[in-house]
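Asker: Supplied structure: protein.cif, mmCIF, C-alpha atoms.
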data_start
loop_
_atom_site.label_atom_id
_atom_site.label_comp_id
_atom_site.auth_asym_id
_atom_site.auth_seq_id
_atom_site.Cartn_x
_atom_site.Cartn_y
_atom_site.Cartn_z
CA MET Z 1 49.42 -75.23 -124.42
CA ALA Z 2 51.00 -75.73 -127.80
CA GLY Z 3 53.45 -73.42 -129.50
CA PRO Z 4 56.47 -71.58 -128.21
CA LEU Z 5 56.05 -68.76 -125.74
CA ASN Z 6 56.63 -65.19 -126.70
CA LEU Z 7 56.47 -62.03 -124.64
CA PHE Z 8 52.79 -61.51 -125.40
CA THR Z 9 51.67 -65.02 -124.50
CA VAL Z 10 53.65 -64.72 -121.26
CA GLY Z 11 51.78 -61.53 -120.44
CA GLN Z 12 48.42 -62.81 -121.58
CA ARG Z 13 48.60 -65.99 -119.52
CA ALA Z 14 49.88 -64.16 -116.47
CA MET Z 15 47.00 -61.71 -116.72
CA SER Z 16 44.38 -64.41 -117.12
CA ALA Z 17 45.88 -66.28 -114.16
CA GLN Z 18 45.54 -63.14 -112.05
CA LEU Z 19 41.95 -62.82 -113.25
CA VAL Z 20 41.19 -66.37 -112.11
CA ARG Z 21 42.64 -65.45 -108.73
CA MET Z 22 40.56 -62.28 -108.62
CA ASN Z 23 37.39 -64.20 -109.56
CA ALA Z 24 38.03 -66.70 -106.78
CA ALA Z 25 38.47 -63.92 -104.24
CA ALA Z 26 35.31 -62.17 -105.52
CA SER Z 27 33.31 -65.40 -105.22
CA ASN Z 28 34.58 -65.86 -101.69
CA LEU Z 29 33.64 -62.29 -100.76
CA ALA Z 30 30.22 -62.69 -102.33
CA ASN Z 31 29.61 -65.77 -100.19
CA ALA Z 32 31.02 -64.24 -97.03
CA GLY Z 33 27.73 -64.13 -95.18
CA SER Z 34 26.04 -67.19 -96.62
CA VAL Z 35 24.74 -69.96 -94.37
CA ALA Z 36 23.81 -73.57 -95.07
CA ALA Z 37 21.74 -76.27 -93.40
CA SER Z 38 24.65 -78.68 -92.82
CA GLU Z 39 28.42 -78.59 -92.48
CA GLY Z 40 28.89 -80.34 -95.80
CA GLU Z 41 26.74 -77.86 -97.72
CA ALA Z 42 28.43 -74.80 -96.28
CA TYR Z 43 30.41 -72.66 -98.74
CA ARG Z 44 34.15 -73.18 -98.50
CA PRO Z 45 36.55 -70.53 -99.81
CA MET Z 46 38.23 -71.11 -103.17
CA ARG Z 47 41.87 -70.62 -104.11
CA ALA Z 48 43.56 -70.66 -107.50
CA ILE Z 49 46.66 -72.86 -107.73
CA PHE Z 50 49.50 -71.45 -109.82
CA SER Z 51 52.53 -73.20 -111.17
CA GLU Z 52 55.37 -72.15 -113.43
CA GLN Z 53 55.35 -73.02 -117.11
CA LEU Z 54 58.82 -72.78 -118.62
CA ASP Z 55 59.62 -72.78 -122.30
CA GLN Z 56 63.02 -74.48 -122.46
CA ALA Z 57 63.67 -73.21 -125.98
CA ASN Z 58 63.77 -69.52 -125.17
CA GLY Z 59 63.93 -69.34 -121.39
CA LEU Z 60 60.62 -67.50 -121.03
CA SER Z 61 58.30 -68.71 -118.34
CA THR Z 62 54.69 -67.95 -117.63
CA VAL Z 63 52.00 -69.00 -115.21
CA ARG Z 64 49.77 -72.04 -115.51
CA VAL Z 65 46.60 -72.23 -113.47
CA GLY Z 66 46.58 -75.78 -112.13
CA GLY Z 67 43.00 -75.44 -111.01
CA VAL Z 68 40.81 -73.85 -108.41
CA ILE Z 69 40.58 -75.76 -105.16
CA ARG Z 70 38.33 -75.48 -102.15
CA THR Z 71 40.25 -74.78 -98.96
CA ASP Z 72 39.60 -77.06 -96.01
CA ALA Z 73 38.52 -74.27 -93.68
CA VAL Z 74 35.91 -75.49 -91.24
CA ALA Z 75 32.40 -74.04 -91.48
CA ILE Z 76 31.34 -71.96 -88.51
CA ARG Z 77 28.41 -73.34 -86.50
CA ARG Z 78 26.00 -70.72 -85.26
CA HIS Z 79 23.04 -71.33 -83.02
CA GLU Z 80 20.00 -69.72 -84.67
CA PRO Z 81 16.85 -71.71 -83.94
CA GLY Z 82 14.59 -69.27 -85.77
CA HIS Z 83 16.52 -69.55 -89.07
CA PRO Z 84 14.66 -71.42 -91.85
CA LEU Z 85 17.81 -73.45 -92.60
CA ALA Z 86 18.44 -74.46 -88.99
CA ASP Z 87 18.89 -78.20 -88.33
CA GLU Z 88 17.24 -80.18 -85.51
CA ASN Z 89 19.67 -78.66 -82.96
CA GLY Z 90 18.81 -75.18 -84.13
CA ASP Z 91 22.22 -74.61 -85.73
CA VAL Z 92 23.15 -73.12 -89.10
CA TRP Z 93 26.57 -73.40 -90.77
CA ALA Z 94 28.14 -70.15 -91.92
CA SER Z 95 30.84 -69.97 -94.59
CA PRO Z 96 34.34 -69.56 -93.09
CA VAL Z 97 35.36 -66.63 -95.30
CA ASP Z 98 37.98 -64.25 -93.94
CA GLU Z 99 36.99 -60.96 -95.57
CA ASN Z 100 40.30 -59.27 -94.76
CA ALA Z 101 42.33 -62.06 -96.33
CA GLU Z 102 40.12 -61.95 -99.44
CA MET Z 103 40.50 -58.19 -99.77
CA VAL Z 104 44.27 -58.53 -99.52
CA GLU Z 105 44.20 -61.31 -102.12
CA MET Z 106 42.11 -59.11 -104.43
CA LEU Z 107 44.41 -56.13 -104.00
CA ASP Z 108 47.51 -58.24 -104.62
CA ALA Z 109 46.02 -59.83 -107.74
CA SER Z 110 44.99 -56.48 -109.20
CA ARG Z 111 48.40 -54.95 -108.51
CA GLN Z 112 50.18 -57.81 -110.18
CA TYR Z 113 47.79 -57.62 -113.12
CA ARG Z 114 48.55 -53.94 -113.47
CA ASN Z 115 52.30 -54.56 -113.27
CA MET Z 116 52.06 -57.06 -116.08
CA VAL Z 117 50.08 -54.62 -118.24
CA GLU Z 118 52.70 -51.97 -117.60
CA ALA Z 119 55.60 -54.27 -118.47
CA LEU Z 120 53.82 -55.50 -121.57
CA SER Z 121 53.07 -52.02 -122.86
CA THR Z 122 56.68 -50.92 -122.34
CA ALA Z 123 57.92 -54.00 -124.17
CA LYS Z 124 55.42 -53.39 -126.97
CA GLN Z 125 56.54 -49.79 -127.27
CA LEU Z 126 60.17 -50.87 -127.60
CA MET Z 127 59.27 -53.51 -130.17
CA LEU Z 128 57.38 -50.95 -132.24
CA GLU Z 129 60.29 -48.53 -132.08
CA THR Z 130 62.60 -51.28 -133.27
CA MET Z 131 60.24 -52.14 -136.08
CA ARG Z 132 59.84 -48.59 -137.31
CA MET Z 133 63.58 -48.05 -137.45
CA LYS Z 134 64.47 -47.24 -141.02
CA MET M 1 76.61 -58.84 -142.07
CA SER M 2 74.87 -56.94 -139.30
CA GLU M 3 77.65 -58.23 -136.99
CA GLY M 4 80.22 -55.91 -138.44
CA LEU M 5 77.83 -53.08 -139.22
CA PHE M 6 76.38 -52.50 -135.78
CA GLY M 7 79.36 -53.59 -133.73
CA ILE M 8 78.78 -53.78 -130.00
CA HIS M 9 75.34 -52.16 -130.22
CA GLY M 10 73.75 -54.95 -132.25
CA LYS M 11 74.95 -57.52 -129.76
CA ALA M 12 73.90 -55.40 -126.80
CA LEU M 13 70.44 -54.97 -128.31
CA GLU M 14 70.01 -58.74 -128.62
CA ILE M 15 70.91 -59.24 -124.96
CA ARG M 16 68.71 -56.35 -123.83
CA SER M 17 65.80 -57.84 -125.76
CA GLN M 18 66.32 -61.26 -124.17
CA ARG M 19 66.50 -59.62 -120.77
CA ILE M 20 63.10 -57.95 -121.32
CA GLY M 21 61.64 -61.44 -121.74
CA MET M 22 63.33 -62.76 -118.65
CA LEU M 23 62.20 -59.86 -116.46
CA ALA M 24 58.67 -60.10 -117.88
CA SER M 25 58.69 -63.79 -116.91
CA ASN M 26 59.60 -62.78 -113.37
CA ILE M 27 56.79 -60.23 -113.23
CA ALA M 28 54.38 -62.82 -114.65
CA ASN M 29 55.32 -65.31 -111.93
CA ALA M 30 55.05 -62.90 -109.01
CA ALA M 31 52.40 -65.11 -107.39
CA THR M 32 53.67 -68.57 -108.35
CA PRO M 33 54.75 -70.58 -105.29
CA GLY M 34 58.33 -71.80 -105.50
CA TYR M 35 59.25 -69.69 -108.54
CA LYS M 36 62.86 -68.52 -108.53
CA ALA M 37 63.41 -65.18 -110.20
CA ARG M 38 66.18 -65.06 -112.79
CA ASP M 39 68.11 -62.26 -114.38
CA VAL M 40 70.86 -61.82 -116.94
CA ASP M 41 74.17 -60.39 -115.80
CA PHE M 42 74.35 -57.96 -118.69
CA ALA M 43 78.09 -57.27 -118.50
CA ALA M 44 78.93 -60.99 -118.38
CA ALA M 45 76.54 -61.80 -121.23
CA LEU M 46 77.92 -59.00 -123.40
CA SER M 47 81.53 -59.98 -122.85
CA ALA M 48 80.71 -63.63 -123.60
CA ARG M 49 78.93 -62.49 -126.77
CA LEU M 50 81.88 -60.30 -127.76
CA GLY M 51 84.14 -63.26 -127.02
CA GLY M 52 82.51 -65.09 -129.91
CA GLN M 53 79.69 -67.03 -128.27
CA GLU M 54 76.23 -67.20 -129.82
CA THR M 55 73.53 -65.07 -128.17
CA ASP M 56 71.70 -68.03 -126.62
CA GLY M 57 74.90 -69.46 -125.16
CA ALA M 58 76.02 -66.09 -123.86
CA ILE M 59 72.65 -65.48 -122.20
CA GLY M 60 72.62 -69.00 -120.76
CA SER M 61 76.05 -68.67 -119.21
CA ALA M 62 75.22 -65.25 -117.74
CA THR M 63 71.82 -66.11 -116.26
CA ARG M 64 71.76 -65.93 -112.48
CA TYR M 65 69.13 -66.60 -109.87
CA ARG M 66 68.08 -63.49 -108.03
CA VAL M 67 69.04 -63.34 -104.37
CA PRO M 68 65.94 -62.07 -102.57
CA LEU M 69 66.24 -59.26 -100.04
CA MET M 70 63.73 -61.06 -97.88
CA ALA M 71 62.75 -64.68 -98.39
CA SER M 72 59.05 -65.43 -98.62
CA LEU M 73 57.30 -68.43 -97.07
CA ASP M 74 56.11 -69.95 -100.34
CA GLY M 75 59.62 -70.03 -101.83
CA ASN M 76 58.90 -67.33 -104.42
CA THR M 77 61.83 -64.96 -104.88
CA VAL M 78 60.15 -62.31 -107.04
CA GLU M 79 60.31 -58.87 -105.46
CA MET M 80 58.19 -56.40 -107.35
CA ALA M 81 60.30 -53.33 -106.57
CA THR M 82 63.46 -55.06 -107.76
CA GLU M 83 61.85 -56.45 -110.90
CA GLN M 84 60.18 -53.19 -111.84
CA SER M 85 63.33 -51.12 -111.46
CA ALA M 86 65.36 -53.69 -113.37
CA PHE M 87 62.71 -53.69 -116.10
CA ALA M 88 62.70 -49.90 -116.30
CA GLU M 89 66.50 -49.72 -116.35
CA ASN M 90 66.62 -52.34 -119.08
CA ALA M 91 63.95 -50.55 -121.15
CA VAL M 92 65.86 -47.28 -121.02
CA ALA M 93 69.11 -49.03 -121.94
CA TYR M 94 67.33 -50.81 -124.80
CA SER M 95 66.05 -47.47 -126.05
CA ALA M 96 69.52 -45.96 -125.87
CA THR M 97 71.10 -48.87 -127.70
CA LEU M 98 68.35 -48.74 -130.27
CA SER M 99 69.06 -45.10 -131.01
CA PHE M 100 72.74 -45.92 -131.59
CA VAL M 101 71.72 -48.63 -134.04
CA ALA M 102 69.18 -46.31 -135.70
CA GLY M 103 71.85 -43.62 -136.02
CA LYS M 104 74.18 -46.07 -137.69
CA VAL M 105 71.46 -47.16 -140.11
CA GLU M 106 70.71 -43.55 -140.94
CA ARG M 107 74.36 -42.74 -141.60
CA ILE M 108 74.75 -45.75 -143.86
CA THR M 109 71.57 -44.91 -145.77
CA ARG M 110 72.76 -41.33 -146.24
CA ALA M 111 76.10 -42.58 -147.52
CA LEU M 112 74.36 -44.94 -149.93
CA ARG M 113 72.16 -42.18 -151.30
CA GLY M 114 75.22 -40.02 -151.72
CA GLU M 115 73.73 -36.97 -149.98
#
For this file, produce the structure as structure tokens.
Answerer:
Amino acid sequence: MAGPLNLFTVGQRAMSAQLVRMNAAASNLANAGSVAASEGEAYRPMRAIFSEQLDQANGLSTVRVGGVIRTDAVAIRRHEPGHPLADENGDVWASPVDENAEMVEMLDASRQYRNMVEALSTAKQLMLETMRMK
Amino acid sequence: MSEGLFGIHGKALEIRSQRIGMLASNIANAATPGYKARDVDFAAALSARLGGQETDGAIGSATRYRVPLMASLDGNTVEMATEQSAFAENAVAYSATLSFVAGKVERITRALRGE
């Protein structure tokens, strides 16, 4: 993360952070119905971890994605003896994905992405006007 | 030289431009846990600037943390409605200030050409 921040890097990093968040939510939704043979193998929802990245020199701050973590939600045990993945007790382990929470996460990420685009295009417009001033 | 030429508008434009960056930072950090939204008190910054301070110092002394209307659980104080309206207000004010500066430039150029 070298170099000083400017308005465009702030926007760019914020947008890519929101994309990471959106990807995580999409992966979670995609795996909403998946089952596994054991509790350890079951899919666990992912979350992006954001932190602030401040440029002391000019006071601008943007978002840094600290990483994508797996939440510690517990896999749901379901008794399905006929399932090919069932263990000796006849249980399968379903992924503990909360579809509603993921949809909300998705919606929030896309709205914030859009807000950033809007702010960036306004700022760009103003910069261009300033530049073209003769 | 631009100090004397553009008067208050040049200084106001500098502060408006810095404020765009600050509000954009708030919008960028809308989902960062623990982020505290900041804003420039424009009137305070402008009077500090007119009082002879440099732009950075004037901005620094007039930067305030935003008081959220409703606190959120993760400690983030960015409220989209507030930030967006502040951004829009600032953009319009920037545009207005810019047209004053542009008008001044045009008048000076016309005087130089002797039209």
Asker: CA of Ser99 in chain M to CA of Asn6 in chain Z: how many Å, to one decimal?
Answerer: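 If I compute the distance from CA of Ser99 in chain M to CA of Asn6 in chain Z, I get 24.0 Å.
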Asker: I need the residue nearest Gly57 in chain M from this list: M:Ile27, M:Met80, M:Val101, M:Ala45. Use all atoms listed in the file for the distance.
Answerer: M:Ala45
Asker: Report as a ChimeraX atom specification the residues that result from applying the PyMOL selection byres ((chain M) within 8 of (chain Z)) to the structure here.
Answerer: /M:20-22,24-33,35,87,91,94-95,98,102,105-106
Asker: Translate the PyMOL selection byres ((chain Z and resi 36) around 8) into a concrete residue list for this structure, as a PDB file with C-alpha atoms, in the coordinates of the input.
Answerer:
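Resulting contents of result-v4.pdb:
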ATOM      1  CA  SER Z  34      26.040 -67.190 -96.620  1.00  0.00           C
ATOM      2  CA  VAL Z  35      24.740 -69.960 -94.370  1.00  0.00           C
ATOM      3  CA  ALA Z  37      21.740 -76.270 -93.400  1.00  0.00           C
ATOM      4  CA  SER Z  38      24.650 -78.680 -92.820  1.00  0.00           C
ATOM      5  CA  GLU Z  39      28.420 -78.590 -92.480  1.00  0.00           C
ATOM      6  CA  GLU Z  41      26.740 -77.860 -97.720  1.00  0.00           C
ATOM      7  CA  ALA Z  42      28.430 -74.800 -96.280  1.00  0.00           C
ATOM      8  CA  TYR Z  43      30.410 -72.660 -98.740  1.00  0.00           C
ATOM      9  CA  LEU Z  85      17.810 -73.450 -92.600  1.00  0.00           C
ATOM     10  CA  VAL Z  92      23.150 -73.120 -89.100  1.00  0.00           C
ATOM     11  CA  TRP Z  93      26.570 -73.400 -90.770  1.00  0.00           C
ATOM     12  CA  ALA Z  94      28.140 -70.150 -91.920  1.00  0.00           C
ATOM     13  CA  SER Z  95      30.840 -69.970 -94.590  1.00  0.00           C
TER      14      SER Z  95
END
Asker: Go ahead and compute the interatomic distance for CA of Phe100 in chain M and CA of Glu83 in chain M, in Å to one decimal.
Answerer: 25.6 Å
Asker: Between Z:Gly33, Z:Pro4, Z:Pro45, Z:Pro84, which residue has the minimum interatomic distance to Ile69 in chain Z, considering only C-alpha atoms?
Answerer: Z:Pro45
Asker: Quick one: of Z:Gln56, Z:Thr71, Z:Ser110, Z:Asn23, who's nearest to Val97 in chain Z, counting all atoms listed in the file?
Answerer: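 Once distances to Val97 in chain Z are computed over all atoms listed in the file, the minimum belongs to Z:Thr71.
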Asker: Grab the CA of Ala12 in chain M to CA of Ala37 in chain M distance for me, in Å with one decimal place.
Answerer: 21.9 Å
Asker: Using only C-alpha atoms - which residues lie no farther than 8 Å from the point (40.4, -67.9, -106.0) in the file's frame? Write them as a ChimeraX atom specification.
Answerer: /Z:20-28,45-48,68-69
Asker: Using only C-alpha atoms, find the one residue out of M:Ile8, M:Arg66, M:Val92, M:Arg19 that sits nearest to Gly52 in chain M.
Answerer: M:Ile8
Asker: With all atoms listed in the file as the basis for distance, which of M:Asp39, M:Gln18, M:Ala71, M:Thr77 is at the shortest distance from Thr55 in chain M?
Answerer: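 Among the listed residues, M:Gln18 lies closest to Thr55 in chain M.
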Asker: What would the list of residues within 9 Å of (33.5, -72.6, -87.6) (file frame) look like as a list of chain:residue names, if all atoms listed in the file are what count?
Answerer: Z:Ala73, Z:Val74, Z:Ala75, Z:Ile76, Z:Arg77, Z:Arg78, Z:Trp93, Z:Ala94, Z:Ser95, Z:Pro96
Asker: Taking the file as shown, find all residues satisfying the PyMOL selection byres ((chain M and resi 62) around 8) and write them as a list of chain:residue names.
Answerer: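 Evaluating the PyMOL selection byres ((chain M and resi 62) around 8) on these coordinates yields M:Val40, M:Asp41, M:Phe42, M:Ala44, M:Ala45, M:Ala58, M:Ile59, M:Gly60, M:Ser61, M:Thr63, M:Arg64.
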